[in-house]
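K.L.:
The structure file coords13.cif (mmCIF, C-alpha atoms) is provided below.
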```cif
data_run
loop_
_atom_site.label_atom_id
_atom_site.label_comp_id
_atom_site.auth_asym_id
_atom_site.auth_seq_id
_atom_site.Cartn_x
_atom_site.Cartn_y
_atom_site.Cartn_z
CA MET A 1 -1.43 20.57 15.86
CA ASP A 2 -2.29 16.89 15.48
CA ILE A 3 -2.69 15.29 12.05
CA LEU A 4 -4.71 12.11 11.59
CA VAL A 5 -3.71 9.85 8.70
CA LEU A 6 -6.18 7.20 7.50
CA ASN A 7 -5.66 4.25 5.17
CA SER A 8 -8.98 2.56 4.55
CA GLY A 9 -9.04 -1.00 3.22
CA SER A 10 -11.99 -3.18 2.30
CA SER A 11 -12.24 -4.63 5.83
CA SER A 12 -9.77 -2.53 7.78
CA LEU A 13 -9.06 1.04 8.81
CA LYS A 14 -5.46 1.89 9.66
CA TYR A 15 -4.67 5.16 11.40
CA LEU A 16 -1.77 7.23 12.68
CA LEU A 17 -1.81 10.36 14.83
CA TYR A 18 1.13 12.71 14.34
CA ARG A 19 1.98 15.74 16.50
CA TRP A 20 3.40 18.22 14.03
CA GLU A 21 5.13 20.61 16.43
CA GLU A 22 7.01 17.72 18.06
CA SER A 23 7.68 15.91 14.74
CA SER A 24 6.58 12.68 16.36
CA VAL A 25 4.09 9.86 16.04
CA ILE A 26 1.75 9.87 19.05
CA ALA A 27 -0.29 6.77 18.34
CA LYS A 28 -1.11 4.35 15.59
CA GLY A 29 -3.32 1.34 15.11
CA VAL A 30 -5.85 -0.50 13.04
CA VAL A 31 -9.43 -1.67 13.18
CA GLU A 32 -9.53 -5.12 11.60
CA ARG A 33 -12.41 -7.17 10.20
CA VAL A 34 -14.75 -4.23 9.66
CA GLY A 35 -18.23 -5.52 8.85
CA MET A 36 -17.60 -8.81 10.66
CA GLU A 37 -18.81 -9.74 14.12
CA ASN A 38 -15.32 -10.40 15.47
CA SER A 39 -13.90 -6.99 14.56
CA PHE A 40 -11.39 -5.35 16.90
CA VAL A 41 -9.06 -2.39 17.33
CA GLU A 42 -5.37 -2.54 18.16
CA HIS A 43 -4.19 0.83 19.46
CA GLN A 44 -0.50 1.50 20.06
CA VAL A 45 0.62 4.53 22.03
CA ILE A 46 4.31 5.23 21.86
CA GLY A 47 5.96 3.95 25.01
CA GLU A 48 2.93 2.00 26.18
CA ASP A 49 1.67 -1.55 25.76
CA THR A 50 -0.63 -2.15 22.78
CA PHE A 51 -4.31 -1.77 23.73
CA ARG A 52 -6.79 -4.17 22.13
CA SER A 53 -10.56 -4.02 22.27
CA GLU A 54 -13.12 -6.13 20.45
CA ARG A 55 -16.25 -4.50 19.12
CA PHE A 56 -18.55 -5.23 16.21
CA CYS A 57 -18.06 -2.43 13.68
CA ARG A 58 -20.69 -2.74 10.98
CA SER A 59 -19.11 -0.05 8.82
CA HIS A 60 -16.08 2.15 8.43
CA ALA A 61 -18.06 4.95 10.11
CA GLU A 62 -18.39 2.78 13.23
CA ALA A 63 -14.72 1.84 12.97
CA LEU A 64 -13.79 5.51 12.92
CA ASP A 65 -16.02 6.13 15.97
CA LEU A 66 -14.10 3.38 17.75
CA ILE A 67 -10.77 4.98 16.80
CA MET A 68 -11.93 8.33 18.18
CA GLU A 69 -13.01 6.62 21.37
CA VAL A 70 -9.72 4.82 22.00
CA MET A 71 -7.73 7.97 21.25
CA THR A 72 -9.71 9.99 23.81
CA ARG A 73 -11.08 7.57 26.42
CA SER A 74 -9.18 4.26 26.39
CA GLU A 75 -6.52 3.03 28.80
CA HIS A 76 -3.98 5.12 26.89
CA PRO A 77 -5.73 8.29 25.65
CA VAL A 78 -3.60 10.58 23.48
CA ILE A 79 -5.86 13.61 22.95
CA ARG A 80 -8.42 15.38 25.14
CA ASP A 81 -11.01 15.48 22.40
CA ILE A 82 -11.20 15.33 18.63
CA SER A 83 -10.97 19.13 18.33
CA GLN A 84 -7.18 18.70 18.68
CA ILE A 85 -7.10 17.15 15.20
CA GLY A 86 -6.26 19.88 12.70
CA ALA A 87 -6.59 17.94 9.45
CA VAL A 88 -6.96 14.43 8.05
CA GLY A 89 -4.82 12.89 5.32
CA HIS A 90 -6.36 10.02 3.33
CA ARG A 91 -4.62 7.47 1.15
CA VAL A 92 -6.25 7.20 -2.27
CA VAL A 93 -4.83 4.54 -4.55
CA HIS A 94 -5.98 5.79 -7.96
CA GLY A 95 -6.05 9.42 -9.00
CA GLY A 96 -6.00 8.86 -12.76
CA GLU A 97 -4.64 11.65 -14.94
CA ARG A 98 -6.55 14.27 -12.97
CA PHE A 99 -4.08 14.48 -10.11
CA SER A 100 -0.31 14.95 -10.27
CA LYS A 101 -0.05 15.83 -6.58
CA SER A 102 -1.98 15.65 -3.31
CA VAL A 103 -5.14 17.76 -3.05
CA ILE A 104 -7.65 19.16 -0.60
CA ILE A 105 -10.74 16.98 -0.88
CA ASP A 106 -13.93 18.57 -2.18
CA GLU A 107 -17.06 17.22 -3.85
CA SER A 108 -15.39 17.31 -7.26
CA ALA A 109 -12.45 15.23 -6.02
CA ILE A 110 -14.74 12.61 -4.44
CA LYS A 111 -16.74 12.43 -7.68
CA THR A 112 -13.53 11.76 -9.62
CA PHE A 113 -12.39 9.09 -7.17
CA LYS A 114 -15.74 7.34 -7.61
CA GLU A 115 -15.44 7.51 -11.39
CA LEU A 116 -12.00 5.87 -11.09
CA SER A 117 -13.18 3.07 -8.79
CA SER A 118 -13.37 0.54 -11.62
CA LEU A 119 -9.63 1.06 -12.21
CA ALA A 120 -8.72 0.08 -8.63
CA PRO A 121 -11.67 -2.04 -7.46
CA LEU A 122 -9.86 -3.42 -4.42
CA HIS A 123 -8.76 -0.02 -3.17
CA ASN A 124 -10.63 3.08 -4.33
CA PRO A 125 -14.09 2.04 -3.03
CA PRO A 126 -12.87 1.48 0.56
CA ASN A 127 -10.70 4.62 0.30
CA ILE A 128 -13.83 6.59 -0.59
CA THR A 129 -15.79 4.93 2.21
CA GLY A 130 -13.13 6.03 4.68
CA ILE A 131 -13.15 9.59 3.32
CA GLU A 132 -16.92 9.86 3.63
CA ALA A 133 -16.95 8.35 7.12
CA ALA A 134 -14.22 10.72 8.29
CA GLY A 135 -16.02 13.65 6.68
CA GLN A 136 -19.10 12.90 8.78
CA ALA A 137 -17.13 12.36 11.99
CA LEU A 138 -14.85 15.37 11.49
CA PRO A 139 -16.83 17.77 9.31
CA ASN A 140 -15.21 21.05 10.33
CA ILE A 141 -11.59 20.39 9.36
CA PRO A 142 -9.85 19.97 5.99
CA HIS A 143 -9.41 16.50 4.51
CA MET A 144 -6.60 15.82 2.04
CA ALA A 145 -6.09 13.05 -0.53
CA ILE A 146 -2.63 11.64 -1.13
CA MET A 147 -2.64 9.62 -4.36
CA ASP A 148 -0.46 6.58 -5.08
CA THR A 149 -0.59 7.40 -8.79
CA ALA A 150 0.57 11.04 -8.54
CA TRP A 151 4.31 10.22 -8.37
CA HIS A 152 4.16 8.49 -11.74
CA GLN A 153 2.58 11.37 -13.67
CA THR A 154 6.09 12.29 -14.87
CA MET A 155 6.25 9.20 -17.14
CA ALA A 156 6.53 9.93 -20.86
CA GLU A 157 3.95 8.78 -23.41
CA ASN A 158 6.19 6.02 -24.73
CA ALA A 159 6.23 4.53 -21.20
CA TYR A 160 2.55 4.85 -20.34
CA ILE A 161 0.73 4.31 -23.67
CA TYR A 162 -0.16 0.68 -24.40
CA ALA A 163 0.04 -0.85 -27.89
CA LEU A 164 -3.76 -0.94 -28.07
CA PRO A 165 -6.18 1.11 -30.18
CA TYR A 166 -5.19 4.69 -29.42
CA GLU A 167 -8.85 5.64 -29.14
CA TRP A 168 -9.01 3.55 -25.96
CA TYR A 169 -6.62 6.00 -24.37
CA LYS A 170 -8.33 9.09 -25.76
CA ASN A 171 -11.88 7.97 -24.98
CA HIS A 172 -11.46 5.72 -21.95
CA SER A 173 -8.15 6.81 -20.37
CA ILE A 174 -6.60 3.36 -20.90
CA ARG A 175 -2.93 3.82 -20.00
CA LYS A 176 -0.31 2.85 -17.44
CA TYR A 177 -0.73 4.76 -14.17
CA GLY A 178 1.49 2.99 -11.64
CA PHE A 179 1.03 2.74 -7.89
CA HIS A 180 2.96 2.73 -4.58
CA GLY A 181 3.92 6.31 -5.45
CA THR A 182 4.04 7.58 -1.87
CA SER A 183 6.46 4.81 -0.93
CA PHE A 184 8.61 5.42 -4.01
CA LEU A 185 8.73 9.16 -3.29
CA PHE A 186 9.99 8.58 0.25
CA CYS A 187 12.58 6.00 -0.79
CA ALA A 188 13.84 8.06 -3.73
CA LYS A 189 14.41 11.12 -1.57
CA ARG A 190 16.08 9.08 1.20
CA ALA A 191 18.33 7.23 -1.27
CA SER A 192 19.55 10.57 -2.60
CA VAL A 193 20.42 11.64 0.94
CA LEU A 194 22.34 8.40 1.54
CA LEU A 195 24.21 8.92 -1.72
CA ASP A 196 24.85 12.60 -0.91
CA LYS A 197 23.47 13.52 -4.32
CA ASN A 198 20.99 16.05 -5.62
CA PRO A 199 17.76 14.03 -5.98
CA PHE A 200 17.37 15.36 -9.52
CA GLU A 201 20.77 13.98 -10.50
CA THR A 202 20.04 10.50 -9.11
CA ASN A 203 19.08 7.31 -10.97
CA LEU A 204 17.44 4.54 -8.96
CA ILE A 205 15.63 1.23 -9.28
CA ILE A 206 13.23 0.74 -6.37
CA GLY A 207 11.44 -2.48 -5.53
CA HIS A 208 8.41 -2.10 -3.26
CA ILE A 209 7.89 -5.72 -2.28
CA GLY A 210 5.00 -6.50 0.04
CA ASN A 211 1.75 -8.32 -0.58
CA GLY A 212 1.50 -5.96 -3.53
CA VAL A 213 4.71 -5.61 -5.54
CA SER A 214 5.93 -3.02 -7.99
CA PHE A 215 9.24 -1.77 -9.36
CA ASN A 216 10.05 1.81 -10.28
CA ALA A 217 12.69 3.31 -12.57
CA VAL A 218 13.69 6.76 -11.32
CA LYS A 219 15.78 8.92 -13.67
CA LYS A 220 17.15 12.22 -12.42
CA GLY A 221 14.76 12.09 -9.50
CA ILE A 222 11.49 11.44 -11.30
CA SER A 223 9.53 8.33 -12.19
CA VAL A 224 10.06 7.26 -15.80
CA ASP A 225 8.63 3.74 -15.70
CA THR A 226 6.94 1.35 -13.30
CA SER A 227 5.69 -2.22 -13.36
CA MET A 228 2.06 -1.77 -12.26
CA GLY A 229 -0.19 -0.44 -14.98
CA PHE A 230 -3.78 0.60 -15.70
CA THR A 231 -4.63 -1.16 -12.44
CA PRO A 232 -2.38 -2.68 -9.74
CA LEU A 233 -2.75 -6.06 -11.50
CA GLU A 234 0.06 -5.64 -14.04
CA GLY A 235 3.72 -6.35 -13.40
CA ALA A 236 5.50 -8.50 -10.84
CA VAL A 237 4.18 -11.62 -9.15
CA MET A 238 2.33 -10.61 -5.96
CA GLY A 239 0.64 -12.23 -3.00
CA THR A 240 -2.68 -12.84 -4.76
CA ARG A 241 -2.29 -10.91 -8.06
CA CYS A 242 -0.99 -12.62 -11.18
CA GLY A 243 1.05 -9.78 -12.67
CA ASP A 244 2.20 -10.02 -16.31
CA HIS A 245 0.70 -12.83 -18.39
CA ASP A 246 -0.85 -13.46 -21.79
CA ALA A 247 -4.27 -11.77 -21.77
CA ALA A 248 -5.57 -14.46 -24.14
CA ILE A 249 -5.37 -16.91 -21.24
CA ASP A 250 -8.15 -15.01 -19.47
CA LEU A 251 -10.40 -15.19 -22.53
CA TYR A 252 -9.58 -18.86 -23.06
CA MET A 253 -10.40 -19.78 -19.45
CA MET A 254 -13.60 -17.72 -19.51
CA GLU A 255 -14.75 -19.80 -22.46
CA LYS A 256 -13.64 -23.05 -20.83
CA SER A 257 -15.08 -22.39 -17.38
CA GLY A 258 -17.97 -20.06 -18.18
CA ALA A 259 -16.56 -17.47 -15.76
CA SER A 260 -17.95 -13.95 -16.09
CA ALA A 261 -15.74 -10.89 -16.43
CA LYS A 262 -16.37 -10.10 -12.76
CA GLU A 263 -15.42 -13.64 -11.72
CA MET A 264 -12.26 -13.57 -13.81
CA ASN A 265 -11.29 -10.20 -12.31
CA ASN A 266 -11.67 -11.74 -8.86
CA ILE A 267 -9.51 -14.75 -9.83
CA LEU A 268 -6.73 -12.56 -11.25
CA ASN A 269 -6.71 -10.19 -8.26
CA LYS A 270 -7.47 -12.47 -5.33
CA LYS A 271 -6.72 -16.08 -6.28
CA SER A 272 -3.58 -15.84 -8.38
CA GLY A 273 0.02 -14.80 -7.72
CA LEU A 274 1.81 -16.72 -4.98
CA LEU A 275 -1.51 -18.00 -3.64
CA GLY A 276 -2.34 -19.38 -7.06
CA ILE A 277 1.02 -21.13 -7.41
CA THR A 278 1.17 -22.63 -3.92
CA GLY A 279 -2.55 -23.26 -3.55
CA LYS A 280 -2.20 -22.35 0.14
CA TYR A 281 -0.05 -19.34 0.93
CA MET A 282 0.41 -15.69 0.07
CA ASP A 283 2.54 -14.65 3.06
CA ARG A 284 6.24 -15.05 2.15
CA ARG A 285 7.05 -16.28 5.66
CA ASP A 286 4.64 -19.17 5.21
CA ILE A 287 5.96 -19.87 1.72
CA ILE A 288 9.61 -19.86 2.79
CA ASN A 289 8.83 -22.06 5.78
CA ALA A 290 6.95 -24.52 3.55
CA ALA A 291 9.78 -24.52 0.99
CA GLU A 292 12.30 -25.33 3.70
CA LYS A 293 10.15 -28.33 4.63
CA GLY A 294 10.20 -29.62 1.07
CA ASP A 295 7.02 -28.12 -0.44
CA ARG A 296 7.88 -28.08 -4.15
CA ARG A 297 5.21 -25.57 -5.14
CA ALA A 298 6.33 -23.20 -2.40
CA SER A 299 9.89 -23.39 -3.75
CA LEU A 300 8.56 -22.83 -7.26
CA ALA A 301 6.63 -19.75 -6.10
CA ILE A 302 9.82 -18.24 -4.62
CA ASP A 303 11.73 -18.94 -7.83
CA ILE A 304 9.00 -17.47 -10.05
CA GLU A 305 8.68 -14.30 -7.98
CA SER A 306 12.45 -13.81 -7.77
CA TYR A 307 12.98 -14.43 -11.49
CA ARG A 308 10.27 -11.94 -12.43
CA GLY A 309 11.73 -9.35 -10.08
CA LYS A 310 15.22 -9.86 -11.48
CA LYS A 311 13.91 -9.27 -15.00
CA TYR A 312 12.36 -5.96 -13.94
CA ILE A 313 15.62 -4.86 -12.32
CA GLY A 314 17.51 -5.73 -15.51
CA SER A 315 15.05 -4.03 -17.83
CA TYR A 316 15.04 -0.84 -15.76
CA PHE A 317 18.84 -0.85 -15.75
CA ALA A 318 18.62 -0.81 -19.54
CA ALA A 319 16.05 2.01 -19.45
CA LEU A 320 18.19 4.16 -17.13
CA GLY A 321 21.64 3.51 -18.58
CA CYS A 322 23.33 3.86 -15.21
CA VAL A 323 22.03 3.18 -11.71
CA ASP A 324 23.28 4.93 -8.59
CA ALA A 325 21.39 2.58 -6.28
CA LEU A 326 19.02 -0.36 -6.17
CA VAL A 327 16.57 0.03 -3.28
CA PHE A 328 14.43 -2.61 -1.59
CA THR A 329 11.49 -1.55 0.57
CA ALA A 330 8.15 -2.66 2.08
CA GLY A 331 7.60 -5.74 4.24
CA VAL A 332 9.31 -8.38 2.11
CA GLY A 333 11.90 -6.02 0.66
CA GLU A 334 12.89 -4.95 4.16
CA MET A 335 12.77 -8.32 5.88
CA SER A 336 13.57 -11.11 3.41
CA PRO A 337 17.26 -11.74 2.63
CA LEU A 338 16.21 -14.77 0.57
CA ILE A 339 14.03 -12.81 -1.86
CA ARG A 340 16.55 -9.95 -2.13
CA GLY A 341 19.38 -12.40 -2.70
CA LYS A 342 17.59 -14.37 -5.40
CA MET A 343 16.44 -11.20 -7.19
CA THR A 344 20.00 -9.88 -7.42
CA GLN A 345 21.81 -13.15 -8.08
CA GLY A 346 23.53 -13.05 -11.47
CA LEU A 347 23.42 -9.25 -11.86
CA GLU A 348 27.12 -8.84 -11.17
CA GLU A 349 27.87 -8.00 -14.82
CA LEU A 350 25.58 -4.99 -14.42
CA GLY A 351 27.61 -3.83 -11.43
CA ILE A 352 24.96 -4.89 -8.90
CA VAL A 353 26.77 -7.03 -6.33
CA VAL A 354 25.24 -7.94 -2.97
CA ASP A 355 27.36 -8.68 0.07
CA ARG A 356 25.82 -11.99 1.14
CA GLY A 357 26.77 -11.56 4.79
CA LYS A 358 25.31 -8.05 5.02
CA ASN A 359 22.18 -9.20 3.21
CA LEU A 360 21.61 -11.97 5.75
CA VAL A 361 22.03 -9.55 8.66
CA SER A 362 19.71 -6.87 7.24
CA ARG A 363 16.33 -7.67 8.75
CA THR A 364 14.88 -4.51 10.26
CA LYS A 365 12.07 -2.05 9.69
CA ASN A 366 13.80 0.58 11.81
CA SER A 367 16.98 1.53 9.97
CA GLU A 368 18.29 2.11 6.47
CA THR A 369 20.91 -0.50 5.65
CA ASP A 370 23.60 -0.89 3.00
CA ILE A 371 23.98 -4.45 1.69
CA SER A 372 26.34 -3.59 -1.18
CA ASP A 373 29.49 -5.57 -1.78
CA LYS A 374 32.65 -3.43 -1.87
CA ASN A 375 32.94 -4.24 -5.60
CA SER A 376 29.37 -3.17 -6.45
CA ARG A 377 29.24 -0.19 -8.81
CA SER A 378 25.66 0.52 -7.73
CA LYS A 379 24.81 0.89 -4.07
CA ILE A 380 22.21 -1.54 -2.76
CA PHE A 381 20.07 -0.10 0.04
CA VAL A 382 17.25 -1.45 2.15
CA ILE A 383 15.12 1.55 3.12
CA PRO A 384 12.11 1.05 5.40
CA THR A 385 9.35 3.03 3.74
CA ASP A 386 7.36 5.71 5.57
CA GLU A 387 4.29 6.48 3.51
CA GLU A 388 2.53 7.94 6.53
CA LEU A 389 5.17 10.64 6.96
CA VAL A 390 4.75 11.69 3.33
CA MET A 391 0.99 11.86 3.91
CA VAL A 392 1.46 13.98 7.05
CA GLU A 393 3.81 16.42 5.35
CA ASP A 394 1.58 16.78 2.29
CA THR A 395 -1.44 17.35 4.54
CA VAL A 396 0.24 20.08 6.59
CA ALA A 397 1.71 21.78 3.53
CA LEU A 398 -1.72 21.84 1.87
CA LEU A 399 -3.20 23.23 5.08
CA GLU A 400 -0.58 25.98 5.19
CA GLY A 401 -0.79 26.77 1.46
CA ARG A 402 2.86 25.95 0.66
CA TYR A 403 2.49 22.57 -1.06
CA ASP A 404 3.56 21.79 -4.62
CA VAL A 405 4.63 18.84 -6.80
CA HIS A 406 7.69 17.06 -5.41
CA THR A 407 9.99 18.65 -7.99
CA ASN A 408 9.22 22.04 -6.37
CA PHE A 409 8.81 20.92 -2.77
CA LYS A 410 11.29 19.79 -0.13
CA TYR A 411 10.39 17.24 2.53
CA SER A 412 11.87 17.16 6.03
CA PHE A 413 13.38 13.74 5.37
CA GLN A 414 15.52 15.18 2.57
CA ASP A 415 17.63 16.89 5.25
CA PRO A 416 20.81 14.88 6.02
CA ALA A 417 20.18 15.65 9.70
CA TYR A 418 16.70 14.08 9.63
CA THR A 419 16.08 11.39 12.21
CA ASN A 420 13.08 9.27 13.14
CA LYS A 421 13.39 9.01 16.93
CA LEU A 422 10.84 6.23 17.20
CA ARG A 423 12.73 4.09 14.68
CA ASP A 424 16.14 5.04 16.06
CA ASP A 425 15.14 3.93 19.56
CA ALA A 426 13.67 0.68 18.24
CA PHE A 427 16.85 0.01 16.22
CA LYS A 428 19.04 0.51 19.27
CA GLU A 429 17.02 -2.16 21.08
CA GLU A 430 17.33 -4.48 18.08
CA ALA A 431 21.08 -3.89 17.90
CA LYS A 432 21.49 -4.80 21.56
CA LYS A 433 20.15 -8.25 20.71
CA ASN A 434 21.93 -8.45 17.37
CA PRO A 435 25.06 -6.24 17.34
CA GLU A 436 25.77 -7.21 13.71
CA LEU A 437 22.98 -4.86 12.65
CA ASN A 438 25.30 -1.94 13.34
CA SER A 439 27.62 -3.22 10.61
CA VAL A 440 24.99 -2.77 7.90
CA LYS A 441 23.47 0.50 9.04
CA ALA A 442 23.70 2.91 6.12
CA VAL A 443 25.95 5.91 6.69
CA ILE A 444 25.09 9.24 5.13
CA ASN A 445 28.07 10.04 2.92
CA THR A 446 28.11 13.81 3.31
CA ASN A 447 31.24 15.65 2.22
#
```
Give the structure from this file in structure tokens form.

P.N.:
Amino acid sequence: MDILVLNSGSSSLKYLLYRWEESSVIAKGVVERVGMENSFVEHQVIGEDTFRSERFCRSHAEALDLIMEVMTRSEHPVIRDISQIGAVGHRVVHGGERFSKSVIIDESAIKTFKELSSLAPLHNPPNITGIEAAGQALPNIPHMAIMDTAWHQTMAENAYIYALPYEWYKNHSIRKYGFHGTSFLFCAKRASVLLDKNPFETNLIIGHIGNGVSFNAVKKGISVDTSMGFTPLEGAVMGTRCGDHDAAIDLYMMEKSGASAKEMNNILNKKSGLLGITGKYMDRRDIINAAEKGDRRASLAIDIESYRGKKYIGSYFAALGCVDALVFTAGVGEMSPLIRGKMTQGLEELGIVVDRGKNLVSRTKNSETDISDKNSRSKIFVIPTDEELVMVEDTVALLEGRYDVHTNFKYSFQDPAYTNKLRDDAFKEEAKKNPELNSVKAVINTN
């Protein structure tokens, strides 16, 4: 049985095809610039060269048609026809308080996602568009929703209730929800395996650091606090989002500039963060390169982001009391020794000590690495996230009627013997070019 996983963005449609019986990714890709004349698909079949084709996709429905075409009739077809697809798993960013786990999509679920669109305006609307397009293209198979917010439904009231009029929560559901839950779930379970501990006896701080950034405090295997809030805008400094700041600034600048609420929302979400500080860049690679060439604002952006991240790590240490491991994940967390190093610098008194040499070597998306110093009381792991695998496993479990909340459900990647052949093979090739990578590869400490 083949499972199709879709992640629909405002102008993109990412996909992955997974063959369940073989426990392997068959193909993956993305349609970029949906709704623009220069849209294109990049289709990667495992073991083959990436296939690229340009085609104007006016909508996500047309983008999905293009995906179906390249999977069945391109230079590297992977299925005979779309009837091989047994189910579709969809990423949905905001599930509100209605959903504490993944669900089979029905009309009621779609209605709820639409009602929640104002809470995640950059994500839920395109997620819904992708669901509806896929429902039309593949109407005779189940579609599942995997929510970013579901992981955080274990937070206590004192963590998710804001110090605002309580009626706002009761009447308008104003509260902290948190995001990146699928990534945090994967990393939490994998960290427990690396530590050889029961996941529900494990305390972790996880930093998902990509264009979007959030930190998660995990106590005895469940989420107890997280940096993103009512929307993904709260918390750490991000690529284009401002994160924490004095809300009165927004009101002040609206009065000064005459900006509407909609315009201010756009500024805070799309024109702030690292882009706002540098005036040019949101990609960390560009920012680091500019800083190395003497760009003062680029250097300032790195320092601001790192300082904010360090404060979250420290505050979550206080919330947890003891920390078995600090985990970095997502694009920047996995690939930037500079950001990791600056976020952990000065945390030695908390028992968080990075081995500088290991940190510099650890630049891979294909292996879990250990960058802890021998004197570090807490382990420091870099774990490449695999949100798609979580989505596949939730989808199949829902299809087979054996799915439940993660506290009552065991994933394949919780097995110490679990391997990702695709990543293992890619890591071996990386290690041939850079043998030092083998020195940081995390070893599962089974007794």

K.L.:
Can you list, as a PDB file with C-alpha atoms, in the coordinates of the input, the residues that the PyMOL selection byres ((chain A and resi 222) around 8) selects here?

P.N.:
```
ATOM      1  CA  TRP A 151       4.310  10.220  -8.370  1.00  0.00           C
ATOM      2  CA  HIS A 152       4.160   8.490 -11.740  1.00  0.00           C
ATOM      3  CA  THR A 154       6.090  12.290 -14.870  1.00  0.00           C
ATOM      4  CA  PHE A 200      17.370  15.360  -9.520  1.00  0.00           C
ATOM      5  CA  VAL A 218      13.690   6.760 -11.320  1.00  0.00           C
ATOM      6  CA  LYS A 219      15.780   8.920 -13.670  1.00  0.00           C
ATOM      7  CA  LYS A 220      17.150  12.220 -12.420  1.00  0.00           C
ATOM      8  CA  GLY A 221      14.760  12.090  -9.500  1.00  0.00           C
ATOM      9  CA  SER A 223       9.530   8.330 -12.190  1.00  0.00           C
ATOM     10  CA  VAL A 224      10.060   7.260 -15.800  1.00  0.00           C
TER      11      VAL A 224
END
```

K.L.:
Pick out the closest residue to Arg377 in chain A from this set: A:Ile352, A:Val78, A:Val405, A:Leu6. Count only C-alpha atoms.

P.N.:
A:Ile352

K.L.:
Let me have the centre and edge lengths of the axis-aligned box enclosing all listed atoms of range 369-385 of chain A with 8 Å padding on every side, in Å to one decimal, as AutoDock Vina command-line options.

P.N.:
```
--center_x 21.1 --center_y -1.3 --center_z -1.6 --size_x 39.6 --size_y 24.6 --size_z 30.5
```

K.L.:
Compare A:Asn171, A:Asn265, A:Ser183, A:Ser372 by their minimum atom-to-atom distance to Ile206 in chain A, counting all atoms listed in the file, and give me the closest one.

P.N.:
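Once distances to Ile206 in chain A are computed over all atoms listed in the file, the minimum belongs to A:Ser183.
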
K.L.:
Applying the PyMOL selection byres ((chain A and resi 231-239) around 7) to the file I just gave you, which residues come out? Please list them as an mmCIF file with C-alpha atoms, in the coordinates of the input.

P.N.:
```cif
data_model
loop_
_atom_site.group_PDB
_atom_site.id
_atom_site.type_symbol
_atom_site.label_atom_id
_atom_site.label_comp_id
_atom_site.auth_asym_id
_atom_site.auth_seq_id
_atom_site.Cartn_x
_atom_site.Cartn_y
_atom_site.Cartn_z
ATOM 1 C CA LEU A 119 -9.630 1.060 -12.210
ATOM 2 C CA ALA A 120 -8.720 0.080 -8.630
ATOM 3 C CA PHE A 179 1.030 2.740 -7.890
ATOM 4 C CA ASN A 211 1.750 -8.320 -0.580
ATOM 5 C CA GLY A 212 1.500 -5.960 -3.530
ATOM 6 C CA VAL A 213 4.710 -5.610 -5.540
ATOM 7 C CA SER A 214 5.930 -3.020 -7.990
ATOM 8 C CA SER A 227 5.690 -2.220 -13.360
ATOM 9 C CA MET A 228 2.060 -1.770 -12.260
ATOM 10 C CA GLY A 229 -0.190 -0.440 -14.980
ATOM 11 C CA PHE A 230 -3.780 0.600 -15.700
ATOM 12 C CA THR A 240 -2.680 -12.840 -4.760
ATOM 13 C CA ARG A 241 -2.290 -10.910 -8.060
ATOM 14 C CA CYS A 242 -0.990 -12.620 -11.180
ATOM 15 C CA GLY A 243 1.050 -9.780 -12.670
ATOM 16 C CA ASP A 244 2.200 -10.020 -16.310
ATOM 17 C CA ASN A 269 -6.710 -10.190 -8.260
ATOM 18 C CA GLY A 273 0.020 -14.800 -7.720
ATOM 19 C CA LEU A 274 1.810 -16.720 -4.980
ATOM 20 C CA LEU A 275 -1.510 -18.000 -3.640
ATOM 21 C CA MET A 282 0.410 -15.690 0.070
ATOM 22 C CA ASP A 283 2.540 -14.650 3.060
ATOM 23 C CA GLU A 305 8.680 -14.300 -7.980
ATOM 24 C CA ARG A 308 10.270 -11.940 -12.430
ATOM 25 C CA GLY A 309 11.730 -9.350 -10.080
#
```

K.L.:
Run through the PyMOL selection byres ((chain A and resi 109) around 12) on the given coordinates and return the selected residues as a ChimeraX atom specification.

P.N.:
/A:92,94-96,98-99,102-108,110-116,128,131-132,143-147

K.L.:
Figure out the distance between CA of Val30 in chain A and CA of Asn127 in chain A, please, to one decimal in Å.

P.N.:
14.6 Å

K.L.:
Would you mind telling me which residue in A:Gly321, A:Gly276, A:Gly357, A:Gly47 lies nearest to Leu300 in chain A when using only C-alpha atoms?

P.N.:
A:Gly276
